[in-house]
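Have a look at target17.json; it's JSON, C-alpha atoms:
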[["chain", "number", "residue", "atom", "x", "y", "z"],
["A", 1, "ARG", "CA", 221.00, 5.64, 206.98],
["A", 2, "GLU", "CA", 219.92, 2.16, 207.83],
["A", 3, "GLY", "CA", 217.08, 3.17, 210.14],
["A", 4, "LEU", "CA", 215.52, 0.61, 212.44],
["A", 5, "GLU", "CA", 217.05, -2.26, 210.47],
["A", 6, "MET", "CA", 220.37, -1.21, 212.01],
["A", 7, "ASN", "CA", 221.63, -4.05, 214.19],
["A", 8, "ILE", "CA", 221.55, -2.35, 217.61],
["A", 9, "GLU", "CA", 221.27, -4.29, 220.85],
["A", 10, "PHE", "CA", 221.79, -3.65, 224.55],
["A", 11, "ARG", "CA", 223.93, -5.64, 226.93],
["A", 12, "GLU", "CA", 224.24, -5.33, 230.67],
["A", 13, "ILE", "CA", 227.58, -3.87, 231.72],
["A", 14, "ASN", "CA", 229.44, -6.49, 233.73],
["A", 15, "ARG", "CA", 232.94, -7.91, 234.32],
["A", 16, "SER", "CA", 233.28, -8.92, 230.68],
["A", 17, "ASN", "CA", 232.69, -5.49, 229.12],
["A", 18, "TYR", "CA", 233.14, -2.70, 231.67],
["A", 19, "ASN", "CA", 236.63, -1.79, 230.37],
["A", 20, "GLU", "CA", 235.28, -1.35, 226.83],
["A", 21, "CYS", "CA", 232.51, 0.82, 228.24],
["A", 22, "ILE", "CA", 234.97, 3.03, 230.10],
["A", 23, "GLU", "CA", 237.02, 3.50, 226.91],
["A", 24, "LEU", "CA", 234.06, 5.04, 225.05],
["A", 25, "LYS", "CA", 234.56, 8.79, 224.60],
["A", 26, "VAL", "CA", 232.68, 11.86, 223.48],
["A", 27, "SER", "CA", 234.25, 14.96, 221.90],
["A", 28, "ASP", "CA", 235.90, 17.54, 224.12],
["A", 29, "GLU", "CA", 232.96, 19.92, 223.47],
["A", 30, "GLN", "CA", 230.49, 17.23, 224.60],
["A", 31, "LYS", "CA", 232.27, 16.36, 227.86],
["A", 32, "ARG", "CA", 230.39, 19.05, 229.77],
["A", 33, "PHE", "CA", 227.09, 17.47, 228.72],
["A", 34, "VAL", "CA", 227.50, 13.93, 230.06],
["A", 35, "ALA", "CA", 229.28, 12.32, 233.00],
["A", 36, "SER", "CA", 232.06, 9.89, 232.17],
["A", 37, "ASN", "CA", 231.06, 6.27, 231.81],
["A", 38, "MET", "CA", 233.52, 5.42, 234.58],
["A", 39, "TYR", "CA", 231.65, 7.73, 236.96],
["A", 40, "SER", "CA", 228.30, 6.25, 235.84],
["A", 41, "LEU", "CA", 229.51, 2.70, 236.50],
["A", 42, "VAL", "CA", 230.82, 3.62, 239.95],
["A", 43, "GLN", "CA", 227.49, 5.30, 240.69],
["A", 44, "ALA", "CA", 225.61, 2.19, 239.52],
["A", 45, "ALA", "CA", 227.74, 0.00, 241.78],
["A", 46, "TYR", "CA", 226.96, 1.99, 244.92],
["A", 47, "GLU", "CA", 223.51, 3.46, 244.42],
["A", 48, "PRO", "CA", 220.29, 1.43, 244.12],
["A", 49, "ASN", "CA", 218.06, 1.23, 241.04],
["A", 50, "LEU", "CA", 220.69, 2.29, 238.45],
["A", 51, "TYR", "CA", 220.96, 0.07, 235.37],
["A", 52, "PRO", "CA", 223.93, 0.46, 232.99],
["A", 53, "LEU", "CA", 223.63, -0.85, 229.44],
["A", 54, "GLY", "CA", 226.14, -1.01, 226.63],
["A", 55, "ILE", "CA", 224.84, -0.08, 223.18],
["A", 56, "TYR", "CA", 226.17, -2.57, 220.65],
["A", 57, "LYS", "CA", 226.18, -2.36, 216.87],
["A", 58, "ASP", "CA", 227.25, -5.49, 215.00],
["A", 59, "ASN", "CA", 228.76, -6.92, 218.19],
["A", 60, "HIS", "CA", 230.89, -3.82, 218.97],
["A", 61, "ILE", "CA", 230.19, -1.49, 221.87],
["A", 62, "VAL", "CA", 229.39, 1.95, 220.44],
["A", 63, "GLY", "CA", 227.60, 3.71, 223.28],
["A", 64, "PHE", "CA", 226.18, 3.67, 226.78],
["A", 65, "ILE", "CA", 222.85, 4.18, 228.52],
["A", 66, "LEU", "CA", 222.22, 4.45, 232.24],
["A", 67, "TYR", "CA", 218.62, 4.34, 233.32],
["A", 68, "ASP", "CA", 217.19, 4.40, 236.78],
["A", 69, "PHE", "CA", 214.16, 4.69, 238.94],
["A", 70, "ASP", "CA", 214.31, 8.25, 240.23],
["A", 71, "ASP", "CA", 212.71, 8.55, 243.68],
["A", 72, "GLU", "CA", 212.58, 12.34, 243.39],
["A", 73, "LEU", "CA", 210.50, 12.11, 240.20],
["A", 74, "ASN", "CA", 208.76, 8.92, 241.33],
["A", 75, "GLY", "CA", 209.42, 7.58, 237.86],
["A", 76, "TRP", "CA", 211.92, 6.06, 235.46],
["A", 77, "SER", "CA", 214.62, 8.15, 233.87],
["A", 78, "MET", "CA", 217.12, 7.70, 231.05],
["A", 79, "SER", "CA", 219.79, 9.56, 232.99],
["A", 80, "ARG", "CA", 222.82, 9.02, 230.74],
["A", 81, "PHE", "CA", 223.06, 8.49, 227.00],
["A", 82, "MET", "CA", 226.17, 8.69, 224.87],
["A", 83, "ILE", "CA", 227.53, 7.43, 221.56],
["A", 84, "ASP", "CA", 231.30, 7.13, 221.13],
["A", 85, "ILE", "CA", 232.77, 9.91, 219.01],
["A", 86, "LYS", "CA", 233.90, 7.38, 216.37],
["A", 87, "TYR", "CA", 230.29, 6.33, 215.78],
["A", 88, "GLN", "CA", 228.48, 9.67, 215.91],
["A", 89, "ASN", "CA", 226.64, 11.30, 212.99],
["A", 90, "ASN", "CA", 225.49, 8.13, 211.27],
["A", 91, "GLY", "CA", 222.09, 7.49, 212.84],
["A", 92, "ILE", "CA", 223.17, 5.17, 215.66],
["A", 93, "GLY", "CA", 221.96, 7.56, 218.38],
["A", 94, "LYS", "CA", 218.52, 7.88, 216.83],
["A", 95, "VAL", "CA", 218.10, 4.12, 216.45],
["A", 96, "ALA", "CA", 219.54, 3.46, 219.91],
["A", 97, "VAL", "CA", 217.00, 5.78, 221.55],
["A", 98, "GLN", "CA", 214.15, 4.20, 219.55],
["A", 99, "LYS", "CA", 215.27, 0.69, 220.48],
["A", 100, "PHE", "CA", 215.75, 1.69, 224.12],
["A", 101, "LEU", "CA", 212.16, 2.96, 224.25],
["A", 102, "GLU", "CA", 211.00, -0.42, 222.86],
["A", 103, "PHE", "CA", 213.23, -2.27, 225.37],
["A", 104, "PHE", "CA", 211.85, -0.15, 228.21],
["A", 105, "VAL", "CA", 208.18, -0.77, 227.27],
["A", 106, "ASP", "CA", 208.86, -4.52, 226.87],
["A", 107, "LYS", "CA", 210.44, -4.65, 230.34],
["A", 108, "TYR", "CA", 208.30, -2.19, 232.34],
["A", 109, "GLY", "CA", 205.15, -1.61, 230.32],
["A", 110, "HIS", "CA", 203.69, 1.72, 229.25],
["A", 111, "GLN", "CA", 204.62, 4.48, 231.65],
["A", 112, "LYS", "CA", 206.34, 7.83, 231.79],
["A", 113, "LEU", "CA", 210.05, 8.00, 231.06],
["A", 114, "TYR", "CA", 212.02, 11.10, 231.94],
["A", 115, "THR", "CA", 215.30, 12.39, 230.58],
["A", 116, "SER", "CA", 217.12, 15.69, 230.73],
["A", 117, "ALA", "CA", 219.78, 17.59, 228.84],
["A", 118, "GLU", "CA", 221.81, 20.71, 229.38],
["A", 119, "VAL", "CA", 219.72, 23.62, 228.04],
["A", 120, "ASP", "CA", 222.32, 24.37, 225.35],
["A", 121, "ASN", "CA", 222.73, 20.74, 224.23],
["A", 122, "ILE", "CA", 220.59, 21.33, 221.16],
["A", 123, "ILE", "CA", 221.57, 18.06, 219.46],
["A", 124, "ALA", "CA", 220.43, 15.90, 222.40],
["A", 125, "ILE", "CA", 217.23, 17.90, 222.93],
["A", 126, "ASP", "CA", 216.38, 17.54, 219.23],
["A", 127, "LEU", "CA", 217.13, 13.81, 219.30],
["A", 128, "TYR", "CA", 214.89, 13.30, 222.32],
["A", 129, "GLU", "CA", 212.07, 15.41, 220.86],
["A", 130, "ARG", "CA", 212.19, 13.41, 217.62],
["A", 131, "ASN", "CA", 211.67, 10.32, 219.75],
["A", 132, "GLY", "CA", 208.56, 11.54, 221.56],
["A", 133, "PHE", "CA", 210.01, 13.37, 224.55],
["A", 134, "GLU", "CA", 208.37, 16.70, 225.39],
["A", 135, "LYS", "CA", 210.07, 19.58, 227.17],
["A", 136, "ARG", "CA", 208.87, 20.19, 230.70],
["A", 137, "GLU", "CA", 210.73, 22.53, 233.01],
["A", 138, "VAL", "CA", 214.22, 23.93, 233.35],
["A", 139, "PHE", "CA", 215.95, 23.06, 236.60],
["A", 140, "GLU", "CA", 219.29, 23.95, 238.11],
["A", 141, "TYR", "CA", 221.58, 22.12, 240.46],
["A", 142, "GLU", "CA", 225.15, 22.20, 241.67],
["A", 143, "PHE", "CA", 227.48, 19.22, 241.73],
["A", 144, "SER", "CA", 231.13, 19.30, 242.81],
["A", 145, "GLY", "CA", 231.13, 23.09, 242.67],
["A", 146, "VAL", "CA", 229.76, 23.26, 239.12],
["A", 147, "LYS", "CA", 226.32, 24.70, 238.36],
["A", 148, "TYR", "CA", 224.18, 22.89, 235.81],
["A", 149, "ARG", "CA", 221.06, 24.11, 234.03],
["A", 150, "GLU", "CA", 219.04, 21.36, 232.39],
["A", 151, "ILE", "CA", 215.69, 20.87, 230.73],
["A", 152, "ARG", "CA", 213.61, 17.97, 231.98],
["A", 153, "MET", "CA", 211.78, 16.06, 229.28],
["A", 154, "ILE", "CA", 209.12, 13.36, 229.48],
["A", 155, "ASN", "CA", 207.88, 10.64, 227.17],
["A", 156, "ASN", "CA", 204.47, 9.09, 227.89],
["A", 157, "LEU", "CA", 205.20, 5.62, 226.58]]

Could you express the structure from this file as structure tokens?
Amino acid sequence: REGLEMNIEFREINRSNYNECIELKVSDEQKRFVASNMYSLVQAAYEPNLYPLGIYKDNHIVGFILYDFDDELNGWSMSRFMIDIKYQNNGIGKVAVQKFLEFFVDKYGHQKLYTSAEVDNIIAIDLYERNGFEKREVFEYEFSGVKYREIRMINNL
């Protein structure tokens, strides 16, 4: 594992790279844990304060982050995070989260950053905890007729 020396960078999703972003996929088992990148990009186009970023490794898009200012929480949230199935299990997710936290602090200063994960998404919860997020409360909501049960986490950057 290359650790923080891994060449990870973020690029805004725009006309030049949105198709590549849409083509990123997770495993069938993971699909229930994260909205499709296509849905996230549509959401970002029509809702305020949503910021989509491509995760790049060595100039290739390998993942996606959507962060936003959440009025309900009155704070910033990393609302979507995914690494393409072809690039999972080699440390990219860990480094991407670490680098995103650095990017966030550089851009917005030290403040709280929220995220959440389905309560049974052990891999994501573990990844977030290893990067300084602490579990807060479990919350439930319904979207398009599907009930979700997630754990909210917070990182005091």

**Report entry** Pick from A:Leu113, A:Ile154, A:Val34, A:Val146 nearest to Phe100 (chain A), counting only C-alpha atoms
**Finding:**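 Closest to Phe100 (chain A) of all the choices is A:Leu113.
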
Query raised in the report: If you count only C-alpha atoms, which residues fall within 10 Å of Asn7 (chain A), apart from same-chain ones fewer than 5 positions away, as an NGL selection string?
Result: :A and (2 or 56-59 or 92 or 95-96)

Please produce a file of the residues just selected, as a short mmCIF file (atom, residue, chain, number, x, y, z; two decimals), in the frame of the given file, where the atoms kept are C-alpha atoms.
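Okay, result36.cif is ready:
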data_model
loop_
_atom_site.label_atom_id
_atom_site.label_comp_id
_atom_site.auth_asym_id
_atom_site.auth_seq_id
_atom_site.Cartn_x
_atom_site.Cartn_y
_atom_site.Cartn_z
CA GLU A 2 219.92 2.16 207.83
CA TYR A 56 226.17 -2.57 220.65
CA LYS A 57 226.18 -2.36 216.87
CA ASP A 58 227.25 -5.49 215.00
CA ASN A 59 228.76 -6.92 218.19
CA ILE A 92 223.17 5.17 215.66
CA VAL A 95 218.10 4.12 216.45
CA ALA A 96 219.54 3.46 219.91
#

Query raised in the report: Can you tell me, as an MDAnalysis selection string, what residues are no more than 12 Å from Ile8 (chain A) when counting only C-alpha atoms, ignoring any on the same chain fewer than 2 positions away?
Result: chainID A and resid 2:6 10:11 54:64 91:100 102:103

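Protein, DNA and RNA residues at most 12 Å from (211.0, -1.9, 231.7), with all atoms listed in the file, are these: Tyr51, Tyr67, Asp68, Phe69, Gly75, Trp76, Ser77, Met78, Phe100, Leu101, Glu102, Phe103, Phe104, Val105, Asp106, Lys107, Tyr108, Gly109, His110, Gln111, Lys112, Leu113 and Leu157 of chain A.
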
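Comparing A:Ala45, A:Met153, A:Ile83, A:Leu73 by their smallest distance to Ala117 (chain A), the closest is A:Met153 (using all atoms listed in the file).
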
Please return the centre and edge lengths, in Å to one decimal, of a box with edges along x, y and z that contains all listed atoms of region 52-62 of chain A, widened by 3 Å on every side, as AutoDock Vina command-line options.
--center_x 227.3 --center_y -2.5 --center_z 224.0 --size_x 13.3 --size_y 14.9 --size_z 24.0

**Report entry** Pairwise distance for CA of Arg15 (chain A) and CA of Ser27 (chain A), rounded to one decimal in Å
**Finding:**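 Atom-to-atom, CA of Arg15 (chain A) and CA of Ser27 (chain A) are spaced 26.1 Å apart.
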